[in-house]
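A.B. asks: Once you've had a glance at the structure underneath, I'll fire off some questions.
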Amino acid sequence: MSMDMTTRMFKEEGWMRKTCKVCGKPFWTLDPDRETCGDPPCDEYEFIGKPGIPKKYTLDEMREKFLSFFEKHGHGRVKRYPILPRWRDDVLLVGASIMDFQPWVISGEADPPANPLTISQPSIRFTDIDNVGITGRHFTIFEMMAHHAFNYPGKPIYWMDETVELAFKFFTKELGMKAEDITFKENPWAGGGNAGPAFEVLYRGLEVATLVFMQYKKAPKNADPSRVVEIKGDKYVPMETRVVDTGYGLERLVWMSHGTPTAYDAVLGYVVEPLKRMAGIERIDERILIENSRLAGMFDIEDMGDLKALRQEVAKRVGISMEELERSIRPYELIYAIADHTKALTFMLADGVIPSNVKAGYLVRLLIRKSIRHLRELGLEVPLTEIVAMHIKELSPTYPEFKEMEDVILDIINVEEKRYFDTLRRGSDLVKREIEKLKKKGIEELPLERLLLFYESHGLTPEIVAEIAEREGIKVHIPDNFYTLVAKEAERQTKKEEKKVEIVDFELVKDLPDTRTLYYEDPFMREFEAKVLKVINDWVILDQTAFYPEGGGQPYDTGELNGVKVLEVQKVGKVILHRVERPEEFKEGMTVHGKLDWTRRIQHMRHHTGTHVLMGALVRVLGKHVWQAGSQLHTDWARLDISHYKRITEEELREIERLANRIVMENRRVAWEWLPRTEAEMKYGFRLYQGGVVPGRIIRVLRIEDWDVQACGGTHLPNTCLVGPIKILRTERIQDGVERIIFAAGEAAVNWMQETERILKRTSEVFRVPPEKLPETAGRFFNEWKEARKEVEKLRKELAKLLVYELEDRIERVGEVEFIGAVVEGTMDDLRETANKLRKDKRVVLLISREGHFVVAVGDGLDLKAGELAKVITSVAGGGGGGRKELAQGRIKNPLKAEEAIAEVKKRLG
């Protein structure tokens with residue numbers, strides 16, 4: 001892409017555009033003698049031991065310095081967004097500040113919360129997880145400070161000139177960086193379907209900011225060739241909205257101000273230092289860490305070969321052996337990684353990510369297990385909760401939500417640690433069984449796909465698998481980027497949308513006006529008049545309707561149009577279609593009278609408002625991490641799926657039910673309003689998206705007074721008392737990290753309670769005791785039954801012994817074969833046990849019970865198969881059966897032919 005990136009500042013203040021003699025990329029500088037762009041590997045870090053910023057800053061101080069500078073320059077300060085992006089379903093975690101404003105703000109469907117704005121956004125990326133702790137600069141969690149400007153058509157804010165000037169002014173005037181050491185390297189940017197020119201801002205060998213001018217989007221296939229530009233091998237066309245997308249590395253700037261050997265020492269000291277003390281780590285020669293960081297900046301570490309080359313170069317520079325280097329540096333690398341991973345965990349758990357085997361939950365579990373593994377390698381028995389508590393204590397003044405969520409965060413980690421160690425106990429046998437299979441096949445190395453499967457399905461880290469496998473004599477090769485591989489796999493699991501087949505072609509309805517939604521104007525409207533606009537096959541389209549179309553977990557309404565049954569109601573775009581029993585009775589332009597099946601609709605409304613009431617109770621009893629994971633309404637019952645890390649106890653369920661019914665009885669007001677998306681988010685937060693992402697510039701917000709707020713398109717009751725009683729019927733664990741609550745509301749709850757009462761009454765009559773005595777009586781009967789069963793079992797064993805004794809007296813000889821054939825009393829288990837006891841070399845035993853069960857046993861030394869003899873039995877007496885060579889079993893159809901079957905088998909033996 002050829003583009004003039006000469007800004008006002010570069011022209012007016014004597015900047016020179018040069019070409020880097022190492023990488024060949026263009027860059028801007030004030031230093032006439034500079035020949036390189038300032039970006040490793042073209043330049044080494046020059047700030048370690050010599051801070052490039054005159055004053056030392058903490059994270060909080062640097063963040064405030066940045067935000068207040070941009071506030072002074074006309075930017076609105078915006079609070080951080082959650083790292084779990086509830087407003088979109090195409091990414092797992094927020095990895096950059098611009099993701100907060102995709103897709104709605106960039107597309108123009110929502111106004112930005114301020115324009116221009118400034119934000120410091122915690123971001124999580126797993127792309128370099130295997131480098132965390134090793135390179136001195138890589139993190140899984142970091143803060144991207146940014147200033148953004150959204151230049152909508154006809155409403156420009158600012159562009160390249162102002163962006164470059166603001167960045168330079170912040171770095172030099174606010175932070176005191178030396179102007180002549182700053183370079184602006186031209187490097188076009190592309191990502192997430194957008195692209196544009198960009199500057200990397202470099203200072204003393206470290207990239208401290210990226211300034212992107214997002215002005216292109218991926219070109220459609222039919223794009224006008226004159227508008228297409230090529231960037232990094234892909235084709236793009238200009239966007240209507242041009243976005244200033246900047247990213248300043250908070251941790252990197254703090255590191256620059258400290259000049260410590262690694263960025264971890266500068267920003268995670270509150271965890272790094274206590275961990276060093278706990279692990280009893282000797283003080284390292286600081287030159288090792290300094291040279292490691294400097295050289296790691298020059299190396300692109302992608303595999304063990306790169307790491308080995310880095311280690312060799314560090315050892316050479318410091319003048320020690322590779323073994324000595326590994327022994328010194330490894331404990332530090334483990335501590336740095338633990339400090340980073342547990343900080344990422346704190347943010348993820350506080351923002352509602354629940355550990356599981358899918359999506360973001362899988363990445364949380366990966367961090368927990370990787371951290372535990374690192375602690376074990378250090379020889380530390382300290383629980384992970386102790387380290388996470390350090391983060392909560394340190395970060396709570398800035399993020400008070402961490403303190404509010406502390407109990408839940410620590411409990412989740414406790415539960416996960418316990419699960420992990422249970423997994424290891426079970427997993428050891430699993431690995432041993434797999435190794436046995438490999439050995440039988442003559443395979444000497446565990447395949448990579450088995451290593452991944454052990455981790456993904458059973459939580460066994462590759463190091464643990466290797467430990468067990470190598471003891472059993474099987475080699476294991478662990479890829480250097482193992483955790484990056486599994487993280488990428490999780491990130492590929494984007495939400496699979498159910499592909500809904502369109503009921504009619506959109507082209508057939510696109511010119512029709514939006515259907516007026518009477519069900520929103522008056523949810524209690526049971527009858528209405530409307531005009532027929534069009535009839536397509538079985539579907540009738542009206543100008544307005546009170547019939548609710550299927551959507552958001554709420555089923556469609558049914559009823560009648562002019563006395564003709566309405567079987568189904570659906571929506572295509574903003575047009576509502578009614579499938580009717582006799583479409584030929586409807587003509588365009590005619591007026592029809594609609595009548596709803598009110599019993600069905602009112603139950604859907606009770607269950608829908610009841611779902612919101614219940615959701616408020618679940619959050620208050622279980623914790624703020626609880627999030628709706630799906631719901632479905634029916635007339636007789638409803639289900640609500642929630643994210644939760646363990647089973648809900650009986651006590652919790654009772655409290656949830658009690659609280660929900662209290663809200664019902666308090667007759668709280670239920671109100672709904674249409675709000676612009678950004679206004680709704682700023683007013684109510686991202687709890688709005690409990691039911692999933694809602695499209696559109698204006699969204700419908702449903703609010704239960706001081707209880708629950710959600711973006712919801714369903715029909716609701718105007719107050720909670722109309723919901724009627726709420727009864728939780730049962731809970732299920734439908735998948736790792738998701739609990740399902742089945743409940744009934746209103747008439748459905750009353751029906752359920754009456755049915756339960758009827759069952760109790762009938763049971764009381766059977767036991768002949770009042771209902772309150774049922775548990776005690778049932779317990780007594782159960783214990784008596786258990787004792788009686790033990791007695792029966794004992795007697796059966798005695799009978800079996802007698803039967804064996806009796807049958808041994810009934811041996812017949814058929815040539816060389818001993819034969820025992822008899823019709824006896826007993827169950828299939830009795831027959832099998834007796835036949836096994838009687839089975840001997842050159843003996844055939846055939847036992848048939850009075851009910852028709854049979855067992856045939858063949859001893860060793862005979863050229864006979866029990867399965868073949870079973871066929872002889874069923875050919876005479878009908879039925880079916882089969883088995884292996886020594887033993888077969890089955891059931892005959894005609895027990896009266898049992899003796900005949902025995903005789904036929906005896907005949908075959910001769």
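Here, A, B, ... name the chains of the structure tokens in the order displayed, residue numbers run from 1 inside each chain, and ligands are numbered from 1 in the same displayed order.
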Extract, using only C-alpha atoms, all DNA, RNA and protein residues at most 12 Å from A:Lys624, discarding same-chain residues fewer than 3 positions from it, and format them as a tab-separated table (two decimals) with N, CA, C and O atoms, in the first residue's frame.
C.D. replies:
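Produced file part36.tsv, reproduced below:
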chain	number	residue	atom	x	y	z
A	349	LEU	N	-12.16	-14.29	36.30
A	349	LEU	CA	-13.17	-14.79	37.25
A	349	LEU	C	-14.05	-13.64	37.76
A	349	LEU	O	-15.26	-13.80	37.91
A	350	ALA	N	-13.44	-12.46	37.99
A	350	ALA	CA	-14.23	-11.31	38.47
A	350	ALA	C	-15.23	-10.87	37.41
A	350	ALA	O	-16.31	-10.38	37.73
A	351	ASP	N	-14.88	-11.07	36.13
A	351	ASP	CA	-15.77	-10.64	35.04
A	351	ASP	C	-16.72	-11.75	34.60
A	351	ASP	O	-17.40	-11.62	33.58
A	352	GLY	N	-16.75	-12.86	35.36
A	352	GLY	CA	-17.80	-13.86	35.14
A	352	GLY	C	-17.44	-15.03	34.25
A	352	GLY	O	-18.33	-15.77	33.83
A	353	VAL	N	-16.15	-15.25	33.97
A	353	VAL	CA	-15.79	-16.46	33.20
A	353	VAL	C	-15.80	-17.64	34.18
A	353	VAL	O	-15.19	-17.58	35.24
A	354	ILE	N	-16.52	-18.69	33.83
A	354	ILE	CA	-16.63	-19.88	34.69
A	354	ILE	C	-15.78	-21.00	34.08
A	354	ILE	O	-15.92	-21.30	32.89
A	401	GLU	N	-14.62	-4.09	42.29
A	401	GLU	CA	-15.41	-5.29	42.02
A	401	GLU	C	-14.67	-6.57	42.43
A	401	GLU	O	-15.28	-7.59	42.72
A	402	PHE	N	-13.31	-6.52	42.47
A	402	PHE	CA	-12.54	-7.70	42.88
A	402	PHE	C	-12.81	-8.05	44.34
A	402	PHE	O	-12.94	-9.21	44.71
A	404	GLU	N	-15.51	-7.20	46.07
A	404	GLU	CA	-16.91	-7.67	46.16
A	404	GLU	C	-17.02	-9.14	45.77
A	404	GLU	O	-17.82	-9.88	46.33
A	405	MET	N	-16.20	-9.57	44.80
A	405	MET	CA	-16.30	-10.94	44.27
A	405	MET	C	-15.30	-11.89	44.93
A	405	MET	O	-15.22	-13.05	44.54
A	406	GLU	N	-14.55	-11.41	45.92
A	406	GLU	CA	-13.43	-12.19	46.45
A	406	GLU	C	-13.83	-13.60	46.87
A	406	GLU	O	-13.18	-14.58	46.51
A	407	ASP	N	-14.91	-13.73	47.67
A	407	ASP	CA	-15.31	-15.05	48.16
A	407	ASP	C	-15.58	-16.02	47.02
A	407	ASP	O	-15.16	-17.18	47.05
A	408	VAL	N	-16.30	-15.54	46.01
A	408	VAL	CA	-16.64	-16.40	44.86
A	408	VAL	C	-15.38	-16.76	44.08
A	408	VAL	O	-15.16	-17.93	43.73
A	409	ILE	N	-14.51	-15.77	43.82
A	409	ILE	CA	-13.28	-16.02	43.06
A	409	ILE	C	-12.44	-17.10	43.73
A	409	ILE	O	-11.99	-18.06	43.10
A	615	MET	N	-33.87	-15.07	37.81
A	615	MET	CA	-32.49	-14.68	37.52
A	615	MET	C	-31.96	-13.73	38.59
A	615	MET	O	-30.83	-13.87	39.07
A	616	GLY	N	-32.79	-12.76	38.99
A	616	GLY	CA	-32.39	-11.83	40.05
A	616	GLY	C	-32.10	-12.56	41.36
A	616	GLY	O	-31.15	-12.23	42.07
A	617	ALA	N	-32.92	-13.58	41.67
A	617	ALA	CA	-32.72	-14.36	42.91
A	617	ALA	C	-31.45	-15.19	42.83
A	617	ALA	O	-30.69	-15.30	43.80
A	618	LEU	N	-31.17	-15.79	41.66
A	618	LEU	CA	-29.97	-16.63	41.48
A	618	LEU	C	-28.70	-15.82	41.69
A	618	LEU	O	-27.76	-16.26	42.35
A	619	VAL	N	-28.67	-14.60	41.13
A	619	VAL	CA	-27.48	-13.74	41.26
A	619	VAL	C	-27.27	-13.37	42.73
A	619	VAL	O	-26.13	-13.37	43.23
A	620	ARG	N	-28.36	-13.09	43.44
A	620	ARG	CA	-28.24	-12.66	44.84
A	620	ARG	C	-27.85	-13.80	45.77
A	620	ARG	O	-27.16	-13.59	46.76
A	621	VAL	N	-28.28	-15.03	45.46
A	621	VAL	CA	-27.95	-16.16	46.35
A	621	VAL	C	-26.61	-16.79	45.98
A	621	VAL	O	-25.80	-17.09	46.85
A	627	TRP	N	-24.61	-16.06	35.23
A	627	TRP	CA	-25.01	-15.41	33.98
A	627	TRP	C	-25.94	-16.36	33.24
A	627	TRP	O	-25.75	-17.57	33.28
A	628	GLN	N	-26.93	-15.82	32.58
A	628	GLN	CA	-27.85	-16.67	31.83
A	628	GLN	C	-27.14	-17.30	30.64
A	628	GLN	O	-26.47	-16.61	29.89
A	642	ILE	N	-27.87	-21.50	33.60
A	642	ILE	CA	-26.98	-20.46	34.15
A	642	ILE	C	-25.54	-20.97	34.24
A	642	ILE	O	-25.31	-22.16	34.38
A	643	SER	N	-24.60	-20.02	34.17
A	643	SER	CA	-23.19	-20.38	34.38
A	643	SER	C	-22.95	-20.42	35.89
A	643	SER	O	-23.26	-19.47	36.59
A	644	HIS	N	-22.44	-21.57	36.36
A	644	HIS	CA	-22.13	-21.72	37.79
A	644	HIS	C	-21.10	-22.84	37.91
A	644	HIS	O	-21.14	-23.81	37.16
A	687	ARG	N	-25.00	-6.30	31.97
A	687	ARG	CA	-26.00	-7.28	32.44
A	687	ARG	C	-27.20	-7.28	31.50
A	687	ARG	O	-28.00	-8.20	31.51
A.B. asks: Please return, as a PyMOL selection string, all residues of stretch 246-398 of chain A that DSSP assigns to helix (DSSP H, G or I) on the basis of the backbone.
C.D. replies: chain A and resi 250-258+263-267+269-279+286-298+304-318+322-350+359-378+384-395
A.B. asks: How far is it from atom CA of A:Ser107 to atom CA of A:Thr517, in Å with one decimal?
C.D. replies: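 One can read the atom CA of A:Ser107 to atom CA of A:Thr517 distance as 26.6 Å.
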A.B. asks: Need the shell around stretch 53-58 of chain A: protein/DNA/RNA residues with any atom at most 10 Å away, counting only C-alpha atoms. Skip same-chain ones fewer than 6 positions apart. Format as a list in words?
C.D. replies: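 Once the nearby chain positions are removed, what remains is Phe47, Glu64, Lys65, Phe171, Thr172, Glu174, Leu175, Gly176, Met177, Lys178, Leu250, Glu251, Leu253, Val254, Trp255, Met256, Ser257, His258, Gly259, Ala266 and Val267 of chain A.
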A.B. asks: Fewer than 2 positions away in the same chain doesn't count, so skip those; otherwise give me all residues within 8 Å of A:Val244, counting only C-alpha atoms, as an mmCIF file with C-alpha atoms, in the first residue's frame.
C.D. replies:
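Output saved as result-v7.cif:
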data_model
loop_
_atom_site.group_PDB
_atom_site.id
_atom_site.type_symbol
_atom_site.label_atom_id
_atom_site.label_comp_id
_atom_site.auth_asym_id
_atom_site.auth_seq_id
_atom_site.Cartn_x
_atom_site.Cartn_y
_atom_site.Cartn_z
ATOM 1 C CA HIS A 147 -7.471 7.296 22.586
ATOM 2 C CA HIS A 148 -10.054 6.690 19.862
ATOM 3 C CA ALA A 149 -11.796 9.020 17.430
ATOM 4 C CA PHE A 150 -14.722 7.875 15.282
ATOM 5 C CA TYR A 158 -9.410 14.196 14.036
ATOM 6 C CA TRP A 159 -7.020 12.025 12.015
ATOM 7 C CA MET A 160 -3.315 11.398 11.502
ATOM 8 C CA THR A 163 -2.943 11.630 16.602
ATOM 9 C CA LEU A 211 -1.188 4.339 16.092
ATOM 10 C CA VAL A 212 -3.575 2.773 13.584
ATOM 11 C CA PHE A 213 -5.728 4.692 11.114
ATOM 12 C CA MET A 214 -8.496 2.219 10.391
ATOM 13 C CA ARG A 242 -12.667 6.207 9.667
ATOM 14 C CA THR A 246 -4.377 3.586 19.168
#
A.B. asks: Between A:Asn131, A:Thr346, A:Thr260, A:Ser321, which has the minimum distance to A:His391 (counting only C-alpha atoms)?
C.D. replies: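 Among the listed residues, the smallest separation from A:His391 belongs to A:Thr346.
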